[in-house]
Amino acid sequence: PANRLQVEGSSSLWRADCRAKGGSPGFKVAILGAAGGIGQPLAMLMKMNPLVSVLHLYDVANTPGVTADISHMDTGAVVRGFLGQNQLEDALTGMDLVIIPAGVPRKPGMTRDDLFNINAGIVRTLCEGIAKCCPKAIVNLISNPVNSTVPIAAEVFKKAGTYDPRRLLGVTMLDVVRANTFVAEVLGLDPREVDVPVVGGHAGVTILPLLSQVKPACSFTQEETEYLTSRIQNGGTEVVEQMFKKEFQQMSQAYAAVKFADACLRGLRGDAGVVECAFVSSQVTELPFFASRVRLGRHGVEEIYPLGPLNEYERVGLEKAKKELAGSIEKGVSFVRK
Ligand code: LMR
């Protein structure tokens, strides 16, 4: 351009768009709820991700400040901010990946399901936008209660005729992150060396760590199994109960969400062997949605792995998890169908 100062936004915007058009590995990512307690640290971490060429930050309040701040980081991704519902469509158009932490967080004493009445409507509106503006995008849904918001999103996409179950993923990565941390503490290992599959859903007893399948291979006493299962299932509550004095700013969820989004982007790029746990449309059990290990690829979920051999403790846990999950899924489905 003749005057580099007059290019929309900044010259880096122009450069990044050129890069993206030239088929570079850069992906376009939107965060819906980017000014919130998860959204802000999530935006910062996504700005640091080398796979991201364009980062759209959408929220109903405070996006200009967050966008100005994040945009000063000297990493490759170009940042644009979008404020209020009439900018939702611009925020979504052309996106490869949409991450949704939007909605309200729990307060002490609340369950994730207590957020349903507020967050269900928010997720529905945002997903209507996705169906209209970027129906082929991969969607990473973080807004609680995930066990119900993922079925809500699926119903919205079905209504719009855009539903592709491979592209809708409920983020349960934080359960895996916690499980790796807590198990590593018990085993005296570096958490980076530990891999714990966590299946089921993302609330209370629906969070089912499969401690019999931990890598590296190890065994636990009954007392350790009960302690670890309960700590992993109640990890969110452990944090929420300490947050009563201030706005809930959840760094671990942002970290987990970015770890998961990065896996989705590596899958989109065509990397082989990208496997993570996620809450997806599934035939692993009789329920229509279930979290388990999935392989991520160019279309999102390419393969869903079976649960593998469970011990007696896990089999009992699975029945409890399925019972609660069935109700949460049904609640989400009927919210849209009614
Ligand atoms: C978590 O697991 O930390 C989040 O889902 C937030 C919550 O309410 O527990």
# chains A, B, ... in the order shown; residues from 1 in each chain; ligands from 1

call {"tool": "residues_around", "arguments": {"residues": "Val66 (chain A)", "least_positions_apart": "3", "cutoff": "9 Å", "atoms": "only C-alpha atoms", "output": "list in words"}}
result
Ala34, Ala35, Gln40, Ala43, Leu57, Asn62, Thr63, Asp69, Ile70, Ser71 and Gly81 of chain A

call {"tool": "write_last_selection", "arguments": {"atoms": "N, CA, C and O atoms", "output": "mmCIF file, in the first residue's frame"}}
result
data_model
loop_
_atom_site.group_PDB
_atom_site.id
_atom_site.type_symbol
_atom_site.label_atom_id
_atom_site.label_comp_id
_atom_site.auth_asym_id
_atom_site.auth_seq_id
_atom_site.Cartn_x
_atom_site.Cartn_y
_atom_site.Cartn_z
ATOM 1 N N ALA A 34 -14.527 -13.313 25.244
ATOM 2 C CA ALA A 34 -13.081 -13.086 25.365
ATOM 3 C C ALA A 34 -12.704 -12.118 26.479
ATOM 4 O O ALA A 34 -11.539 -12.045 26.859
ATOM 5 N N ALA A 35 -13.679 -11.339 26.995
ATOM 6 C CA ALA A 35 -13.329 -10.386 28.049
ATOM 7 C C ALA A 35 -13.635 -10.934 29.442
ATOM 8 O O ALA A 35 -13.464 -10.244 30.441
ATOM 9 N N GLN A 40 -10.085 -13.816 29.053
ATOM 10 C CA GLN A 40 -8.887 -12.965 28.998
ATOM 11 C C GLN A 40 -7.584 -13.766 29.004
ATOM 12 O O GLN A 40 -6.758 -13.596 28.106
ATOM 13 N N ALA A 43 -7.350 -15.546 25.723
ATOM 14 C CA ALA A 43 -6.956 -14.681 24.605
ATOM 15 C C ALA A 43 -5.445 -14.474 24.608
ATOM 16 O O ALA A 43 -4.787 -14.550 23.562
ATOM 17 N N LEU A 57 -11.629 -11.450 19.005
ATOM 18 C CA LEU A 57 -12.082 -11.434 20.398
ATOM 19 C C LEU A 57 -13.470 -10.808 20.456
ATOM 20 O O LEU A 57 -13.630 -9.626 20.148
ATOM 21 N N ASN A 62 -16.527 -4.780 27.298
ATOM 22 C CA ASN A 62 -15.082 -4.691 27.595
ATOM 23 C C ASN A 62 -14.128 -5.251 26.542
ATOM 24 O O ASN A 62 -12.927 -5.361 26.806
ATOM 25 N N THR A 63 -14.606 -5.580 25.350
ATOM 26 C CA THR A 63 -13.639 -6.120 24.370
ATOM 27 C C THR A 63 -12.632 -5.083 23.882
ATOM 28 O O THR A 63 -11.491 -5.463 23.643
ATOM 29 N N ASP A 69 -5.033 -4.277 24.574
ATOM 30 C CA ASP A 69 -3.966 -4.836 25.407
ATOM 31 C C ASP A 69 -3.300 -6.031 24.723
ATOM 32 O O ASP A 69 -2.080 -6.060 24.502
ATOM 33 N N ILE A 70 -4.108 -7.011 24.350
ATOM 34 C CA ILE A 70 -3.558 -8.245 23.767
ATOM 35 C C ILE A 70 -2.835 -7.942 22.448
ATOM 36 O O ILE A 70 -1.835 -8.574 22.111
ATOM 37 N N SER A 71 -3.342 -6.957 21.700
ATOM 38 C CA SER A 71 -2.781 -6.687 20.371
ATOM 39 C C SER A 71 -1.355 -6.122 20.449
ATOM 40 O O SER A 71 -0.651 -6.091 19.455
ATOM 41 N N GLY A 81 -11.051 -6.897 17.700
ATOM 42 C CA GLY A 81 -12.065 -6.968 18.747
ATOM 43 C C GLY A 81 -13.464 -6.733 18.195
ATOM 44 O O GLY A 81 -13.639 -5.986 17.227
#

call {"tool": "residues_near_ligand", "arguments": {"ligand": "ligand 1", "cutoff": "6 Å", "atoms": "only C-alpha atoms and all ligand atoms", "output": "PyMOL selection string"}}
result
chain A and resi 105-106+112+236-237

call {"tool": "write_last_selection", "arguments": {"atoms": "C-alpha atoms", "output": "PDB file, in the first residue's frame"}}
result
ATOM      1  CA  PRO A 105     -19.245 -18.871  36.256  1.00  0.00           C
ATOM      2  CA  ARG A 106     -20.435 -20.656  39.385  1.00  0.00           C
ATOM      3  CA  ARG A 112     -22.571 -26.348  37.160  1.00  0.00           C
ATOM      4  CA  GLY A 236     -13.700 -27.251  39.884  1.00  0.00           C
ATOM      5  CA  THR A 237     -15.509 -26.904  43.202  1.00  0.00           C
TER       6      THR A 237
END

call {"tool": "select_by_dssp", "arguments": {"residues": "region 138-329 of chain A", "states": "helix (DSSP H, G or I)", "output": "ChimeraX atom specification"}}
result
/A:146-160,165-167,173-187,191-193,204-206,211-213,222-233,235-242,251-269,312-329

call {"tool": "closest_residue", "arguments": {"among": "A:His56, A:Arg192, A:Arg80, A:Lys323", "to": "Val98 (chain A)", "atoms": "only C-alpha atoms"}}
result
A:His56

call {"tool": "atom_distance", "arguments": {"atom1": "CA of Asp114 (chain A)", "atom2": "CA of Gly204 (chain A)"}}
result
12.9 Å

call {"tool": "decode", "arguments": {"residues": "region 13-136 of chain A", "atoms": "C-alpha atoms", "output": "short mmCIF file (atom, residue, chain, number, x, y, z; two decimals), in the first residue's frame"}}
result
data_model
loop_
_atom_site.label_atom_id
_atom_site.label_comp_id
_atom_site.auth_asym_id
_atom_site.auth_seq_id
_atom_site.Cartn_x
_atom_site.Cartn_y
_atom_site.Cartn_z
CA LEU A 13 -2.96 -6.91 9.87
CA TRP A 14 -2.17 -6.68 6.20
CA ARG A 15 0.84 -8.98 6.54
CA ALA A 16 -1.08 -11.60 8.46
CA ASP A 17 -3.92 -11.65 5.97
CA CYS A 18 -1.39 -12.11 3.17
CA ARG A 19 0.17 -14.97 5.08
CA ALA A 20 -3.19 -16.59 5.69
CA LYS A 21 -4.21 -16.27 2.04
CA GLY A 22 -0.88 -17.69 0.93
CA GLY A 23 -1.74 -20.99 2.57
CA SER A 24 0.54 -20.63 5.58
CA PRO A 25 -0.29 -22.86 8.57
CA GLY A 26 -1.98 -19.92 10.27
CA PHE A 27 -5.58 -20.52 11.38
CA LYS A 28 -8.32 -18.02 12.15
CA VAL A 29 -9.65 -18.39 15.66
CA ALA A 30 -12.50 -16.61 17.44
CA ILE A 31 -13.01 -16.49 21.20
CA LEU A 32 -16.61 -15.79 22.24
CA GLY A 33 -16.62 -14.42 25.76
CA ALA A 34 -13.08 -13.09 25.36
CA ALA A 35 -13.33 -10.39 28.05
CA GLY A 36 -14.46 -12.77 30.79
CA GLY A 37 -12.61 -14.59 33.53
CA ILE A 38 -11.55 -17.45 31.27
CA GLY A 39 -11.64 -15.41 28.06
CA GLN A 40 -8.89 -12.96 29.00
CA PRO A 41 -6.14 -15.44 29.90
CA LEU A 42 -7.36 -17.61 27.01
CA ALA A 43 -6.96 -14.68 24.60
CA MET A 44 -3.44 -14.05 25.86
CA LEU A 45 -2.41 -17.67 25.46
CA MET A 46 -3.99 -17.99 22.00
CA LYS A 47 -2.11 -14.84 20.93
CA MET A 48 1.06 -16.76 21.82
CA ASN A 49 0.10 -19.79 19.72
CA PRO A 50 2.17 -19.91 16.51
CA LEU A 51 -0.61 -21.78 14.67
CA VAL A 52 -2.94 -18.77 14.94
CA SER A 53 -2.75 -16.07 12.24
CA VAL A 54 -5.92 -14.13 13.11
CA LEU A 55 -7.53 -13.91 16.55
CA HIS A 56 -11.02 -12.47 16.90
CA LEU A 57 -12.08 -11.43 20.40
CA TYR A 58 -15.83 -11.14 20.89
CA ASP A 59 -17.78 -10.20 24.00
CA VAL A 60 -20.82 -8.18 25.02
CA ALA A 61 -18.70 -5.82 27.17
CA ASN A 62 -15.08 -4.69 27.59
CA THR A 63 -13.64 -6.12 24.37
CA PRO A 64 -11.99 -2.86 23.20
CA GLY A 65 -9.70 -2.75 26.24
CA VAL A 66 -8.83 -6.42 26.15
CA THR A 67 -8.20 -6.24 22.39
CA ALA A 68 -5.97 -3.16 22.66
CA ASP A 69 -3.97 -4.84 25.41
CA ILE A 70 -3.56 -8.24 23.77
CA SER A 71 -2.78 -6.69 20.37
CA HIS A 72 0.43 -5.16 21.76
CA MET A 73 2.02 -8.59 22.19
CA ASP A 74 4.68 -9.07 19.51
CA THR A 75 3.54 -12.47 18.30
CA GLY A 76 2.31 -13.38 14.81
CA ALA A 77 -1.46 -13.48 15.33
CA VAL A 78 -3.37 -10.36 14.35
CA VAL A 79 -6.02 -9.41 16.91
CA ARG A 80 -9.39 -7.81 16.20
CA GLY A 81 -12.07 -6.97 18.75
CA PHE A 82 -15.85 -7.23 18.40
CA LEU A 83 -18.29 -5.70 20.86
CA GLY A 84 -21.94 -6.57 21.29
CA GLN A 85 -24.30 -8.86 19.48
CA ASN A 86 -24.52 -6.81 16.31
CA GLN A 87 -20.81 -7.52 15.74
CA LEU A 88 -21.11 -11.26 16.33
CA GLU A 89 -21.41 -12.11 12.65
CA ASP A 90 -18.28 -10.14 11.72
CA ALA A 91 -16.46 -11.86 14.57
CA LEU A 92 -17.38 -15.30 13.22
CA THR A 93 -17.09 -14.95 9.46
CA GLY A 94 -14.20 -16.98 8.05
CA MET A 95 -13.18 -18.65 11.31
CA ASP A 96 -11.56 -22.11 11.39
CA LEU A 97 -11.97 -22.60 15.14
CA VAL A 98 -14.41 -21.00 17.58
CA ILE A 99 -13.72 -21.30 21.31
CA ILE A 100 -16.65 -20.50 23.62
CA PRO A 101 -15.99 -19.70 27.28
CA ALA A 102 -18.95 -17.23 27.33
CA GLY A 103 -21.49 -17.17 30.15
CA VAL A 104 -21.47 -16.85 33.90
CA PRO A 105 -19.24 -18.87 36.26
CA ARG A 106 -20.44 -20.66 39.38
CA LYS A 107 -20.36 -19.14 42.83
CA PRO A 108 -19.61 -21.17 45.98
CA GLY A 109 -22.41 -23.61 46.74
CA MET A 110 -23.61 -23.82 43.15
CA THR A 111 -23.40 -26.80 40.83
CA ARG A 112 -22.57 -26.35 37.16
CA ASP A 113 -26.19 -27.20 36.39
CA ASP A 114 -27.27 -24.12 38.37
CA LEU A 115 -25.81 -22.07 35.51
CA PHE A 116 -28.12 -23.69 32.97
CA ASN A 117 -30.81 -21.01 32.97
CA ILE A 118 -28.40 -18.22 32.02
CA ASN A 119 -25.78 -20.02 29.95
CA ALA A 120 -28.13 -22.15 27.84
CA GLY A 121 -29.59 -19.09 26.12
CA ILE A 122 -26.16 -17.52 25.63
CA VAL A 123 -24.79 -20.68 24.01
CA ARG A 124 -27.87 -20.98 21.79
CA THR A 125 -27.45 -17.42 20.47
CA LEU A 126 -23.74 -17.86 19.82
CA CYS A 127 -24.27 -21.17 18.04
CA GLU A 128 -26.95 -19.63 15.83
CA GLY A 129 -24.27 -17.16 14.75
CA ILE A 130 -21.81 -19.98 14.06
CA ALA A 131 -24.39 -21.89 11.97
CA LYS A 132 -24.91 -18.77 9.89
CA CYS A 133 -21.37 -17.40 9.52
CA CYS A 134 -18.85 -20.26 9.87
CA PRO A 135 -20.75 -23.57 9.76
CA LYS A 136 -17.56 -25.49 8.94
#
